[in-house]
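S.K.: Questions regarding the structure given below will be posed in turn.
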Amino acid sequence: MPPYRLAHLSDPHLPPPAGALGWRDLGSKRLLSAIAWRRKGSEHQPRVLQALADDVARHAPDHIAVTGDLTNFSSRAEYAAARTWLQTLGAATDVTLSPGNHDALVRAGAPSAFEPWREWLGDTPQVAFPAVRERGPLALINLCSATPTAPWLASGRLGGAQLERLAQILTGLAGLDLYRVLTLHHPPAAGVVSGRKALEDAGALRALLAVHGVDLVLHGHAHEAAVSAIPGPRGPIPVLGVPSASAAGGGRHAPARWHSIEFSAERRMRVVARGLSADTGRFEALGDYMLQAPQRR
């Protein structure tokens with residue numbers, strides 16, 4: 001049987017549509033984000049994002065994981081525009097979305113519980129995180145680290161209820177012959193991002209995974225290609241992040257990249273990195289490497 005292929009991309013930061021902000025936003029964190037967008041918005045180019053999406057489509061993965069930050073201000077207009085963009089990637093059953101901190105920038109004026117994106121968050125009518133989606137040999141466990149924070153902070157939090165539910169889910173999956181793939185926006189490994197951008201309860205998540213284990217963790221947020229690991233019950237758990245899917249390069253962060261992850265029956269994972277070439281302006285293979293899934297109990 002051919003390997004099952006999962007595409008991972010993150011942080012598209014779609015350009016704000018007209019009317020994304022109103023006068024009521026002048027006294028909120030959205031104003032700070034709008035000022036930041038004027039300064040760094042040119043780093044995110046729709047043409048780059050479209051080229052990446054076209055490259056993903058050409059490689060026809062079995063499933064796509066998007067780890068957050070579709071929006072910049074978490075406004076209703078942006079949610080609607082992001083929903084339209086998600087529909088271009090494929091059927092909602094074939095795309096899993098983990099919301100990012102920009103998707104929960106403030107509560108006021110943002111859709112409740114990410115409702116416009118419900119079909120991409122999980123398979124049940126009422127999505128509660130973690131949401132589990134079984135696809136081929138994968139159990140995709142979708143967490144939400146997105147929560148409104150104070151100005152100047154871009155941190156995330158899972159919370160006790162979500163962590164408790166995760167432990168229950170992993171206990172239930174322990175006897176199944178599935179790759180357990182965890183998706184969330186904020187990196188769980190220490191040192192990948194600065195303190196003001198970190199996952200506040202990353203230590204609690206790492207402690208939980210050290211007991212229950214998963215086979216792979218995918219995240220965004222750092223806008224860099226990040227390869228790290230956290231302890232698991234039978235060896236290190238690989239943790240992978242990708243740069244922004246719309247980054248043109250030449251700025252503070254790496255140019256756009258996505259990963260094709262192939263899951264074999266031998267519990268080996270082949271990661272193929274495809275990134276934007278500064279020479280050709282096209283997406284090209286940057287290299288590949290193998291990961292060994294942690295041993296099961």
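For the structure tokens, the naming scheme is as follows: chains receive sequential letters (A, B, ...) according to their order of presentation, residues are indexed from 1 within each chain, and ligands are indexed from 1 in presentation order.
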Taking the DSSP assignment computed from this structure's backbone, write out as a PyMOL selection string all residues of region 22-271 of chain A that belong to strand (DSSP E).
M.R.: chain A and resi 63-66+95-97+131-135+138-142+179-183+216-219+226-230+237-241+257-263+268-271
S.K.: Using only C-alpha atoms, find each residue of region 206-237 of chain A with at least one atom at most 10 Å away from an atom of region 139-159 of chain A; report its shortest atom-to-atom pair and that distance in Å (one decimal), sort the rows by chain and rising residue number, and return the result as JSON lines.
M.R.:
{"residue": "A:Val214", "atom": "CA", "partner": "A:Ile141", "partner_atom": "CA", "distance": 9.6}
{"residue": "A:Asp215", "atom": "CA", "partner": "A:Ala139", "partner_atom": "CA", "distance": 10.0}
{"residue": "A:Leu216", "atom": "CA", "partner": "A:Leu140", "partner_atom": "CA", "distance": 9.9}
{"residue": "A:Val217", "atom": "CA", "partner": "A:Ile141", "partner_atom": "CA", "distance": 9.5}
{"residue": "A:Leu218", "atom": "CA", "partner": "A:Asn142", "partner_atom": "CA", "distance": 9.9}
{"residue": "A:His221", "atom": "CA", "partner": "A:Ala154", "partner_atom": "CA", "distance": 9.1}
S.K.: Show which residues sit within 7 Å of Arg5 (chain A), as a PyMOL selection string. Count only C-alpha atoms, and ignore same-chain residues fewer than 3 positions away.
M.R.: chain A and resi 61-63+260-263
S.K.: Would you save the residues of that selection, restricted to N, CA, C and O atoms, as a short mmCIF file (atom, residue, chain, number, x, y, z; two decimals), in the first residue's frame?
M.R.:
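Final file, selection_25.cif:
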data_model
loop_
_atom_site.label_atom_id
_atom_site.label_comp_id
_atom_site.auth_asym_id
_atom_site.auth_seq_id
_atom_site.Cartn_x
_atom_site.Cartn_y
_atom_site.Cartn_z
N PRO A 61 -2.20 15.58 -1.60
CA PRO A 61 -2.10 14.85 -0.33
C PRO A 61 -3.44 14.24 0.05
O PRO A 61 -4.50 14.66 -0.44
N ASP A 62 -3.40 13.27 0.95
CA ASP A 62 -4.63 12.65 1.42
C ASP A 62 -5.38 13.56 2.40
O ASP A 62 -6.60 13.46 2.53
N HIS A 63 -4.65 14.40 3.11
CA HIS A 63 -5.26 15.31 4.07
C HIS A 63 -4.35 16.52 4.24
O HIS A 63 -3.14 16.44 3.96
N SER A 260 5.26 17.82 3.26
CA SER A 260 4.51 16.62 2.92
C SER A 260 5.04 15.50 3.82
O SER A 260 6.24 15.18 3.78
N ILE A 261 4.17 14.94 4.65
CA ILE A 261 4.59 13.92 5.61
C ILE A 261 3.95 12.59 5.20
O ILE A 261 2.73 12.47 5.12
N GLU A 262 4.80 11.62 4.92
CA GLU A 262 4.34 10.31 4.46
C GLU A 262 4.42 9.31 5.60
O GLU A 262 5.48 9.12 6.21
N PHE A 263 3.31 8.65 5.88
CA PHE A 263 3.22 7.69 6.97
C PHE A 263 3.19 6.28 6.39
O PHE A 263 2.27 5.94 5.64
#
S.K.: Within region 53-181 of chain A, find each residue whose DSSP state, derived from the backbone, is alpha helix (DSSP H), and express the selection as a ChimeraX atom specification.
M.R.: /A:53-59,76-89,118-121,160-173
S.K.: Mind writing the picked residues with N, CA and C atoms as a short mmCIF file (atom, residue, chain, number, x, y, z; two decimals), in the first residue's frame?
M.R.:
data_model
loop_
_atom_site.label_atom_id
_atom_site.label_comp_id
_atom_site.auth_asym_id
_atom_site.auth_seq_id
_atom_site.Cartn_x
_atom_site.Cartn_y
_atom_site.Cartn_z
N ALA A 53 -0.46 26.99 -2.29
CA ALA A 53 -1.67 26.18 -2.39
C ALA A 53 -1.71 25.39 -3.69
N ASP A 54 -1.25 26.00 -4.76
CA ASP A 54 -1.20 25.29 -6.05
C ASP A 54 -0.21 24.13 -5.98
N ASP A 55 0.91 24.34 -5.30
CA ASP A 55 1.91 23.29 -5.17
C ASP A 55 1.37 22.13 -4.34
N VAL A 56 0.66 22.45 -3.26
CA VAL A 56 0.03 21.41 -2.45
C VAL A 56 -0.95 20.62 -3.30
N ALA A 57 -1.79 21.32 -4.07
CA ALA A 57 -2.79 20.65 -4.90
C ALA A 57 -2.15 19.72 -5.92
N ARG A 58 -1.03 20.14 -6.50
CA ARG A 58 -0.35 19.30 -7.49
C ARG A 58 0.13 17.99 -6.88
N HIS A 59 0.48 18.01 -5.60
CA HIS A 59 0.98 16.81 -4.95
C HIS A 59 -0.13 15.96 -4.33
N ARG A 76 -15.08 39.67 11.96
CA ARG A 76 -16.06 38.85 11.25
C ARG A 76 -15.80 38.84 9.74
N ALA A 77 -15.38 39.97 9.20
CA ALA A 77 -15.09 40.02 7.77
C ALA A 77 -13.93 39.10 7.41
N GLU A 78 -12.94 39.05 8.28
CA GLU A 78 -11.80 38.17 8.03
C GLU A 78 -12.20 36.70 8.14
N TYR A 79 -13.06 36.39 9.12
CA TYR A 79 -13.53 35.01 9.26
C TYR A 79 -14.24 34.55 7.99
N ALA A 80 -15.06 35.41 7.44
CA ALA A 80 -15.78 35.06 6.22
C ALA A 80 -14.81 34.86 5.06
N ALA A 81 -13.82 35.76 4.94
CA ALA A 81 -12.84 35.62 3.87
C ALA A 81 -12.02 34.35 4.04
N ALA A 82 -11.67 34.03 5.28
CA ALA A 82 -10.88 32.83 5.54
C ALA A 82 -11.69 31.58 5.24
N ARG A 83 -12.99 31.61 5.49
CA ARG A 83 -13.83 30.46 5.16
C ARG A 83 -13.81 30.22 3.64
N THR A 84 -13.90 31.28 2.88
CA THR A 84 -13.83 31.15 1.42
C THR A 84 -12.50 30.55 1.00
N TRP A 85 -11.41 31.00 1.64
CA TRP A 85 -10.09 30.47 1.31
C TRP A 85 -9.99 28.99 1.67
N LEU A 86 -10.50 28.61 2.82
CA LEU A 86 -10.46 27.19 3.23
C LEU A 86 -11.17 26.32 2.21
N GLN A 87 -12.25 26.81 1.66
CA GLN A 87 -13.00 26.04 0.68
C GLN A 87 -12.18 25.77 -0.58
N THR A 88 -11.23 26.63 -0.88
CA THR A 88 -10.39 26.42 -2.06
C THR A 88 -9.37 25.30 -1.85
N LEU A 89 -9.08 24.95 -0.59
CA LEU A 89 -8.10 23.90 -0.33
C LEU A 89 -8.66 22.51 -0.58
N ARG A 118 -16.42 25.80 11.59
CA ARG A 118 -16.76 24.59 12.33
C ARG A 118 -16.43 23.31 11.57
N GLU A 119 -16.74 23.26 10.27
CA GLU A 119 -16.54 22.02 9.50
C GLU A 119 -15.08 21.61 9.40
N TRP A 120 -14.17 22.55 9.56
CA TRP A 120 -12.74 22.26 9.44
C TRP A 120 -12.09 21.94 10.80
N LEU A 121 -12.82 22.13 11.87
CA LEU A 121 -12.26 21.94 13.21
C LEU A 121 -12.41 20.50 13.71
N GLY A 160 -7.13 23.47 31.66
CA GLY A 160 -7.24 22.18 32.31
C GLY A 160 -8.25 21.25 31.69
N ALA A 161 -9.40 21.77 31.26
CA ALA A 161 -10.44 20.92 30.69
C ALA A 161 -9.96 20.26 29.39
N GLN A 162 -9.27 21.03 28.56
CA GLN A 162 -8.77 20.48 27.30
C GLN A 162 -7.69 19.43 27.55
N LEU A 163 -6.82 19.68 28.50
CA LEU A 163 -5.77 18.71 28.82
C LEU A 163 -6.36 17.43 29.42
N GLU A 164 -7.36 17.58 30.26
CA GLU A 164 -8.01 16.39 30.84
C GLU A 164 -8.66 15.55 29.75
N ARG A 165 -9.33 16.21 28.84
CA ARG A 165 -9.96 15.49 27.73
C ARG A 165 -8.91 14.84 26.84
N LEU A 166 -7.78 15.49 26.63
CA LEU A 166 -6.71 14.91 25.82
C LEU A 166 -6.21 13.61 26.45
N ALA A 167 -6.02 13.60 27.76
CA ALA A 167 -5.57 12.38 28.43
C ALA A 167 -6.57 11.24 28.22
N GLN A 168 -7.86 11.56 28.27
CA GLN A 168 -8.88 10.54 28.06
C GLN A 168 -8.84 10.01 26.63
N ILE A 169 -8.65 10.92 25.68
CA ILE A 169 -8.60 10.51 24.26
C ILE A 169 -7.40 9.60 24.01
N LEU A 170 -6.25 9.99 24.53
CA LEU A 170 -5.04 9.18 24.30
C LEU A 170 -5.14 7.83 24.97
N THR A 171 -5.80 7.76 26.10
CA THR A 171 -6.03 6.46 26.74
C THR A 171 -6.89 5.57 25.85
N GLY A 172 -7.91 6.15 25.24
CA GLY A 172 -8.77 5.40 24.35
C GLY A 172 -8.10 4.96 23.06
N LEU A 173 -7.12 5.73 22.60
CA LEU A 173 -6.41 5.40 21.36
C LEU A 173 -5.26 4.44 21.57
#
S.K.: How many Å lie between CA of Leu52 (chain A) and CA of Arg257 (chain A), rounded to one decimal?
M.R.: 7.6 Å
S.K.: Write out as a list in words the residues lying within 10 Å of Ser228 (chain A), counting only C-alpha atoms and excluding same-chain residues fewer than 2 positions away.
M.R.: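 In the requested format, the answer is Pro187, Pro188, Ala189, Ala190, Gly191, Val192, Val217, Ala226, Ile230, Pro236, Ile237, Pro238, Val239, Leu240 and Gly241 of chain A.
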S.K.: Grab the CA of Pro12 (chain A) to CA of Arg107 (chain A) distance for me, in Å with one decimal place.
M.R.: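 If I compute the distance from CA of Pro12 (chain A) to CA of Arg107 (chain A), I get 21.1 Å.
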S.K.: I'd like the interatomic distance between CA of Ala248 (chain A) and CA of Gly281 (chain A), to a tenth of an Å.
M.R.: 9.2 Å
S.K.: Find the spatial neighbours of Leu178 (chain A), counting only C-alpha atoms, within a cut-off of 9 Å - ignore same-chain residues fewer than 6 positions away - and output them as a list in words.
M.R.: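 Final neighbour list, sorted by chain and number: Glu134, Gly136, Pro137, Leu138 and Ala139 of chain A.
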S.K.: Store the residues picked out above in a file with all heavy atoms, as a PDB file, in the first residue's frame.
M.R.:
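Saved to out-v8.pdb:
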ATOM      1  N   GLU A 134     -10.331  10.588  12.575  1.00  0.00           N
ATOM      2  CA  GLU A 134      -9.614   9.417  12.071  1.00  0.00           C
ATOM      3  C   GLU A 134      -9.622   9.467  10.554  1.00  0.00           C
ATOM      4  O   GLU A 134     -10.680   9.499   9.922  1.00  0.00           O
ATOM      5  CB  GLU A 134     -10.249   8.136  12.584  1.00  0.00           C
ATOM      6  CG  GLU A 134     -10.063   7.932  14.082  1.00  0.00           C
ATOM      7  CD  GLU A 134     -10.497   6.555  14.554  1.00  0.00           C
ATOM      8  OE1 GLU A 134     -10.621   5.638  13.712  1.00  0.00           O
ATOM      9  OE2 GLU A 134     -10.706   6.393  15.774  1.00  0.00           O
ATOM     10  N   GLY A 136      -7.564   7.508   7.398  1.00  0.00           N
ATOM     11  CA  GLY A 136      -6.585   6.499   7.009  1.00  0.00           C
ATOM     12  C   GLY A 136      -5.911   5.923   8.243  1.00  0.00           C
ATOM     13  O   GLY A 136      -6.578   5.520   9.210  1.00  0.00           O
ATOM     14  N   PRO A 137      -4.562   5.899   8.277  1.00  0.00           N
ATOM     15  CA  PRO A 137      -3.848   5.359   9.437  1.00  0.00           C
ATOM     16  C   PRO A 137      -3.632   6.390  10.539  1.00  0.00           C
ATOM     17  O   PRO A 137      -2.899   6.131  11.493  1.00  0.00           O
ATOM     18  CB  PRO A 137      -2.507   4.926   8.841  1.00  0.00           C
ATOM     19  CG  PRO A 137      -2.255   5.941   7.768  1.00  0.00           C
ATOM     20  CD  PRO A 137      -3.628   6.254   7.176  1.00  0.00           C
ATOM     21  N   LEU A 138      -4.263   7.569  10.421  1.00  0.00           N
ATOM     22  CA  LEU A 138      -4.011   8.657  11.364  1.00  0.00           C
ATOM     23  C   LEU A 138      -5.191   8.874  12.296  1.00  0.00           C
ATOM     24  O   LEU A 138      -6.351   8.784  11.896  1.00  0.00           O
ATOM     25  CB  LEU A 138      -3.745   9.979  10.632  1.00  0.00           C
ATOM     26  CG  LEU A 138      -2.709  10.032   9.528  1.00  0.00           C
ATOM     27  CD1 LEU A 138      -2.525  11.476   9.065  1.00  0.00           C
ATOM     28  CD2 LEU A 138      -1.394   9.454   9.988  1.00  0.00           C
ATOM     29  N   ALA A 139      -4.873   9.212  13.533  1.00  0.00           N
ATOM     30  CA  ALA A 139      -5.827   9.817  14.449  1.00  0.00           C
ATOM     31  C   ALA A 139      -5.343  11.243  14.659  1.00  0.00           C
ATOM     32  O   ALA A 139      -4.361  11.486  15.378  1.00  0.00           O
ATOM     33  CB  ALA A 139      -5.888   9.060  15.769  1.00  0.00           C
TER      34      ALA A 139
END
S.K.: Nearest residue to Ile64 (chain A) out of A:Arg282, A:Arg135, A:Lys40, A:Pro46, using only C-alpha atoms?
M.R.: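 For Ile64 (chain A), the nearest of the given residues is A:Arg135.
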S.K.: Between A:Ser246, A:His44, A:Ala65, A:Arg267, which residue has the minimum interatomic distance to Gly90 (chain A), considering only C-alpha atoms?
M.R.: A:Ala65
S.K.: Which residue out of A:Pro255, A:Ala131, A:Val48, A:Pro231 has the minimum interatomic distance to Ala210 (chain A) when only C-alpha atoms are used?
M.R.: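 Checking each candidate against Ala210 (chain A), we get A:Pro231 as the closest.
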